[in-house]
Amino acid sequence: MSYPRRAVLAGLAGVAATTGFLRQGQAQAPTPREVLVTPRIYFVRSDGNDDNPGLFNAANAAFRTVAKALATAAKLDQAGFRVTISIGGPTYPVTWTETIEIVHDLTGKLSIVGATGDAADVILAPSGRECILGSFYNIVSLSWLTLRPSPGRHALVAVHGARLFGSDVVFEGHPHPGESAHVYAT
């Protein structure tokens with residue numbers, strides 16, 4: 001028995017869609033993003049763990065790294081709501097040696113804040129790097145942080161259309177050699 005060519009092709013497409021088999025070069029449908037219905041706060045603590053959900057300010061619930069919080073936020077459809085990353089620890093002051101690289105294309109605004117509301121309590125002091133690098137048109141507000149870049153590095157770097165705003169941010173250390181600012185933007 002012969003089958004019409006169109007029916008066979010339609011049947012094969014249905015099999016590919018239901019079994020997950022795709023031809024080489026075919027794009028798979030993207031995984032749907034969680035859509036926020038309220039603002040979201042992710043907690044990052046020096047005694048946290050990146051296997052935690054990051055949704056509570058406790059050692060057994062907070063993330064360990066800002067990178068994990070940013071990667072998690074990048075998976076969201078922010079639907080106009082702000083995502084806040086709160087950085088802290090079990091005791092203060094707490095010093096972070098991680099460079100915060102905002103390289104994901106977020107779908108909304110982002111805030112990165114020190115957990116206590118006092119810039120002296122959360123110090124960003126990465127070794128050999130900038131404190132915060134923002135890129136890809138992200139809009140980021142910074143609050144209650146002390147930025148202490150490595151010698152010869154900028155505290156804040158904004159490239160490729162990123163916009164970084166700050167309030168209650170303390171800049172420490174020496175600016176980039178030959179320049180009089182802690183901020184570099186292109």
# chains A, B, ... in the order shown; residues from 1 in each chain; ligands from 1
$ select_by_dssp --residues "region 47-181 of chain A" --states "alpha helix (DSSP H)" --output "PyMOL selection string"
chain A and resi 66-74
$ write_last_selection --atoms "N, CA, C and O atoms" --output "PDB file, in the first residue's frame"
ATOM      1  N   VAL A  66      27.510  34.819  44.057  1.00  0.00           N
ATOM      2  CA  VAL A  66      26.679  35.754  43.304  1.00  0.00           C
ATOM      3  C   VAL A  66      26.484  35.221  41.881  1.00  0.00           C
ATOM      4  O   VAL A  66      25.420  35.399  41.285  1.00  0.00           O
ATOM      5  N   ALA A  67      27.488  34.539  41.344  1.00  0.00           N
ATOM      6  CA  ALA A  67      27.381  33.971  39.992  1.00  0.00           C
ATOM      7  C   ALA A  67      26.183  33.026  39.895  1.00  0.00           C
ATOM      8  O   ALA A  67      25.449  33.045  38.899  1.00  0.00           O
ATOM      9  N   LYS A  68      25.955  32.216  40.905  1.00  0.00           N
ATOM     10  CA  LYS A  68      24.812  31.296  40.905  1.00  0.00           C
ATOM     11  C   LYS A  68      23.495  32.078  40.944  1.00  0.00           C
ATOM     12  O   LYS A  68      22.534  31.748  40.247  1.00  0.00           O
ATOM     13  N   ALA A  69      23.438  33.125  41.757  1.00  0.00           N
ATOM     14  CA  ALA A  69      22.233  33.953  41.831  1.00  0.00           C
ATOM     15  C   ALA A  69      21.953  34.627  40.486  1.00  0.00           C
ATOM     16  O   ALA A  69      20.805  34.675  40.038  1.00  0.00           O
ATOM     17  N   LEU A  70      22.994  35.122  39.818  1.00  0.00           N
ATOM     18  CA  LEU A  70      22.814  35.760  38.518  1.00  0.00           C
ATOM     19  C   LEU A  70      22.356  34.758  37.460  1.00  0.00           C
ATOM     20  O   LEU A  70      21.482  35.054  36.648  1.00  0.00           O
ATOM     21  N   ALA A  71      22.949  33.571  37.465  1.00  0.00           N
ATOM     22  CA  ALA A  71      22.550  32.538  36.497  1.00  0.00           C
ATOM     23  C   ALA A  71      21.100  32.126  36.720  1.00  0.00           C
ATOM     24  O   ALA A  71      20.356  31.889  35.762  1.00  0.00           O
ATOM     25  N   THR A  72      20.679  32.050  37.969  1.00  0.00           N
ATOM     26  CA  THR A  72      19.291  31.702  38.287  1.00  0.00           C
ATOM     27  C   THR A  72      18.348  32.813  37.841  1.00  0.00           C
ATOM     28  O   THR A  72      17.297  32.552  37.256  1.00  0.00           O
ATOM     29  N   ALA A  73      18.732  34.065  38.077  1.00  0.00           N
ATOM     30  CA  ALA A  73      17.904  35.203  37.659  1.00  0.00           C
ATOM     31  C   ALA A  73      17.777  35.261  36.139  1.00  0.00           C
ATOM     32  O   ALA A  73      16.731  35.655  35.613  1.00  0.00           O
ATOM     33  N   ALA A  74      18.810  34.853  35.425  1.00  0.00           N
ATOM     34  CA  ALA A  74      18.781  34.902  33.963  1.00  0.00           C
ATOM     35  C   ALA A  74      17.774  33.921  33.378  1.00  0.00           C
ATOM     36  O   ALA A  74      17.346  34.077  32.238  1.00  0.00           O
TER      37      ALA A  74
END
$ residues_around --residues "Phe81 (chain A)" --least-positions-apart "5" --cutoff "9 Å" --atoms "only C-alpha atoms" --output "tab-separated table (two decimals) with N, CA and C atoms, in the first residue's frame"
chain	number	residue	atom	x	y	z
A	36	LEU	N	7.72	35.83	36.69
A	36	LEU	CA	7.52	36.41	38.02
A	36	LEU	C	6.17	37.12	38.10
A	37	VAL	N	5.55	37.02	39.27
A	37	VAL	CA	4.31	37.75	39.54
A	37	VAL	C	4.51	38.72	40.70
A	38	THR	N	5.69	38.69	41.30
A	38	THR	CA	6.10	39.63	42.34
A	38	THR	C	7.62	39.81	42.22
A	39	PRO	N	8.18	40.83	42.85
A	39	PRO	CA	9.64	40.95	42.87
A	39	PRO	C	10.27	39.73	43.54
A	40	ARG	N	11.50	39.43	43.19
A	40	ARG	CA	12.18	38.24	43.73
A	40	ARG	C	13.48	38.68	44.41
A	108	GLY	N	14.86	42.16	32.90
A	108	GLY	CA	14.36	43.27	33.71
A	108	GLY	C	15.47	43.87	34.54
A	109	LYS	N	15.07	44.62	35.54
A	109	LYS	CA	16.04	45.33	36.38
A	109	LYS	C	16.59	44.42	37.47
$ closest_atom_pairs --of "region 24-119 of chain A" --to "region 160-169 of chain A" --cutoff "9 Å" --atoms "only C-alpha atoms" --output "Markdown table"
| residue | atom | partner | partner_atom | distance |
| --- | --- | --- | --- | --- |
| A:Gly117 | CA | A:Asp168 | CA | 8.7 |
| A:Asp118 | CA | A:Asp168 | CA | 7.9 |
| A:Ala119 | CA | A:Val169 | CA | 6.3 |
$ residues_around --residues "region 45-54 of chain A" --least-positions-apart "2" --cutoff "7 Å" --atoms "only C-alpha atoms" --output "MDAnalysis selection string"
chainID A and resid 42:43 56 59:65 68 87:89
$ write_last_selection --atoms "all heavy atoms" --output "mmCIF file, in the first residue's frame"
data_model
loop_
_atom_site.group_PDB
_atom_site.id
_atom_site.type_symbol
_atom_site.label_atom_id
_atom_site.label_comp_id
_atom_site.auth_asym_id
_atom_site.auth_seq_id
_atom_site.Cartn_x
_atom_site.Cartn_y
_atom_site.Cartn_z
ATOM 1 N N TYR A 42 17.057 36.994 45.900
ATOM 2 C CA TYR A 42 17.940 35.851 46.096
ATOM 3 C C TYR A 42 18.973 36.246 47.144
ATOM 4 O O TYR A 42 19.521 37.348 47.090
ATOM 5 C CB TYR A 42 18.642 35.451 44.796
ATOM 6 C CG TYR A 42 17.720 34.792 43.815
ATOM 7 C CD1 TYR A 42 17.392 35.415 42.621
ATOM 8 C CD2 TYR A 42 17.165 33.550 44.084
ATOM 9 C CE1 TYR A 42 16.534 34.817 41.717
ATOM 10 C CE2 TYR A 42 16.294 32.943 43.182
ATOM 11 C CZ TYR A 42 15.990 33.582 42.010
ATOM 12 O OH TYR A 42 15.131 32.987 41.120
ATOM 13 N N PHE A 43 19.218 35.348 48.080
ATOM 14 C CA PHE A 43 20.176 35.598 49.148
ATOM 15 C C PHE A 43 21.470 34.848 48.860
ATOM 16 O O PHE A 43 21.444 33.683 48.478
ATOM 17 C CB PHE A 43 19.592 35.168 50.498
ATOM 18 C CG PHE A 43 18.391 35.975 50.887
ATOM 19 C CD1 PHE A 43 17.110 35.554 50.567
ATOM 20 C CD2 PHE A 43 18.547 37.185 51.556
ATOM 21 C CE1 PHE A 43 15.999 36.308 50.906
ATOM 22 C CE2 PHE A 43 17.436 37.949 51.911
ATOM 23 C CZ PHE A 43 16.167 37.511 51.584
ATOM 24 N N PHE A 56 15.957 32.150 50.832
ATOM 25 C CA PHE A 56 15.865 32.548 52.240
ATOM 26 C C PHE A 56 17.243 32.924 52.751
ATOM 27 O O PHE A 56 18.255 32.392 52.302
ATOM 28 C CB PHE A 56 15.274 31.409 53.088
ATOM 29 C CG PHE A 56 13.889 31.031 52.661
ATOM 30 C CD1 PHE A 56 13.680 29.945 51.836
ATOM 31 C CD2 PHE A 56 12.798 31.782 53.064
ATOM 32 C CE1 PHE A 56 12.402 29.601 51.408
ATOM 33 C CE2 PHE A 56 11.515 31.448 52.646
ATOM 34 C CZ PHE A 56 11.323 30.356 51.818
ATOM 35 N N ALA A 59 21.898 29.900 56.191
ATOM 36 C CA ALA A 59 23.004 29.125 55.627
ATOM 37 C C ALA A 59 22.509 27.923 54.822
ATOM 38 O O ALA A 59 23.088 27.571 53.797
ATOM 39 C CB ALA A 59 23.943 28.663 56.733
ATOM 40 N N ASN A 60 21.421 27.297 55.266
ATOM 41 C CA ASN A 60 20.926 26.101 54.575
ATOM 42 C C ASN A 60 19.962 26.430 53.436
ATOM 43 O O ASN A 60 19.365 25.531 52.849
ATOM 44 C CB ASN A 60 20.264 25.141 55.558
ATOM 45 C CG ASN A 60 19.037 25.743 56.207
ATOM 46 O OD1 ASN A 60 18.754 26.928 56.064
ATOM 47 N ND2 ASN A 60 18.303 24.921 56.934
ATOM 48 N N ALA A 61 19.809 27.720 53.101
ATOM 49 C CA ALA A 61 18.881 28.105 52.044
ATOM 50 C C ALA A 61 19.481 29.090 51.039
ATOM 51 O O ALA A 61 19.009 29.185 49.909
ATOM 52 C CB ALA A 61 17.623 28.716 52.650
ATOM 53 N N ALA A 62 20.518 29.831 51.429
ATOM 54 C CA ALA A 62 21.099 30.856 50.561
ATOM 55 C C ALA A 62 22.133 30.254 49.602
ATOM 56 O O ALA A 62 22.697 29.199 49.863
ATOM 57 C CB ALA A 62 21.775 31.935 51.412
ATOM 58 N N PHE A 63 22.350 30.959 48.482
ATOM 59 C CA PHE A 63 23.424 30.585 47.575
ATOM 60 C C PHE A 63 24.773 30.934 48.201
ATOM 61 O O PHE A 63 24.854 31.776 49.101
ATOM 62 C CB PHE A 63 23.310 31.343 46.247
ATOM 63 C CG PHE A 63 22.136 30.955 45.403
ATOM 64 C CD1 PHE A 63 21.327 31.921 44.843
ATOM 65 C CD2 PHE A 63 21.849 29.627 45.130
ATOM 66 C CE1 PHE A 63 20.254 31.582 44.030
ATOM 67 C CE2 PHE A 63 20.784 29.267 44.323
ATOM 68 C CZ PHE A 63 19.978 30.255 43.778
ATOM 69 N N ARG A 64 25.829 30.354 47.685
ATOM 70 C CA ARG A 64 27.198 30.658 48.131
ATOM 71 C C ARG A 64 27.837 31.731 47.259
ATOM 72 O O ARG A 64 28.666 32.499 47.716
ATOM 73 C CB ARG A 64 28.051 29.375 48.110
ATOM 74 C CG ARG A 64 29.539 29.591 48.319
ATOM 75 C CD ARG A 64 29.839 30.026 49.746
ATOM 76 N NE ARG A 64 31.249 30.210 49.974
ATOM 77 C CZ ARG A 64 31.883 31.376 49.931
ATOM 78 N NH1 ARG A 64 31.215 32.475 49.659
ATOM 79 N NH2 ARG A 64 33.170 31.469 50.172
ATOM 80 N N THR A 65 27.459 31.774 45.958
ATOM 81 C CA THR A 65 28.103 32.720 45.036
ATOM 82 C C THR A 65 27.069 33.613 44.350
ATOM 83 O O THR A 65 25.940 33.201 44.081
ATOM 84 C CB THR A 65 28.913 31.980 43.948
ATOM 85 O OG1 THR A 65 28.022 31.198 43.158
ATOM 86 C CG2 THR A 65 29.995 31.104 44.560
ATOM 87 N N LYS A 68 25.955 32.216 40.905
ATOM 88 C CA LYS A 68 24.812 31.296 40.905
ATOM 89 C C LYS A 68 23.495 32.078 40.944
ATOM 90 O O LYS A 68 22.534 31.748 40.247
ATOM 91 C CB LYS A 68 24.904 30.332 42.089
ATOM 92 C CG LYS A 68 23.714 29.429 42.260
ATOM 93 C CD LYS A 68 23.518 28.470 41.099
ATOM 94 C CE LYS A 68 22.362 27.514 41.410
ATOM 95 N NZ LYS A 68 22.128 26.573 40.340
ATOM 96 N N ILE A 87 23.627 40.295 49.423
ATOM 97 C CA ILE A 87 24.904 39.667 49.779
ATOM 98 C C ILE A 87 25.169 39.853 51.264
ATOM 99 O O ILE A 87 25.083 40.968 51.775
ATOM 100 C CB ILE A 87 26.059 40.291 48.983
ATOM 101 C CG1 ILE A 87 25.788 40.186 47.480
ATOM 102 C CG2 ILE A 87 27.382 39.640 49.335
ATOM 103 C CD1 ILE A 87 26.795 40.934 46.632
ATOM 104 N N GLY A 88 25.504 38.762 51.942
ATOM 105 C CA GLY A 88 25.778 38.870 53.371
ATOM 106 C C GLY A 88 26.559 37.694 53.904
ATOM 107 O O GLY A 88 27.207 36.964 53.157
ATOM 108 N N GLY A 89 26.480 37.519 55.192
ATOM 109 C CA GLY A 89 27.182 36.424 55.845
ATOM 110 C C GLY A 89 26.656 36.242 57.256
ATOM 111 O O GLY A 89 25.809 37.010 57.710
#
$ closest_residue --among "A:Ile112, A:Leu106, A:Val35, A:Ala158" --to "Glu130 (chain A)" --atoms "only C-alpha atoms"
A:Ala158
$ closest_residue --among "A:Thr116, A:Thr186, A:Gln78, A:Thr91" --to "Phe136 (chain A)" --atoms "only C-alpha atoms"
A:Thr186
$ atom_distance --atom1 "CA of Arg148 (chain A)" --atom2 "CA of Asp121 (chain A)"
12.8 Å
$ atom_distance --atom1 "CA of Phe171 (chain A)" --atom2 "CA of Arg82 (chain A)"
25.0 Å
$ atom_distance --atom1 "CA of His154 (chain A)" --atom2 "CA of Ala120 (chain A)"
19.1 Å
$ closest_residue --among "A:Ser135, A:Ser141, A:Ser127, A:Thr146" --to "Val159 (chain A)" --atoms "only C-alpha atoms"
A:Ser135
$ residues_around --residues "His182 (chain A)" --least-positions-apart "4" --cutoff "12 Å" --atoms "only C-alpha atoms" --output "ChimeraX atom specification"
/A:130-132,147-158,169-178
$ select_by_dssp --residues "region 105-172 of chain A" --states "strand (DSSP E)" --output "MDAnalysis selection string"
chainID A and resid 110:114 122:124 132:134 139:147 156:158 163:171
$ closest_residue --among "A:Pro93, A:Glu101, A:Ser143, A:Ala115" --to "Asn57 (chain A)" --atoms "only C-alpha atoms"
A:Ala115
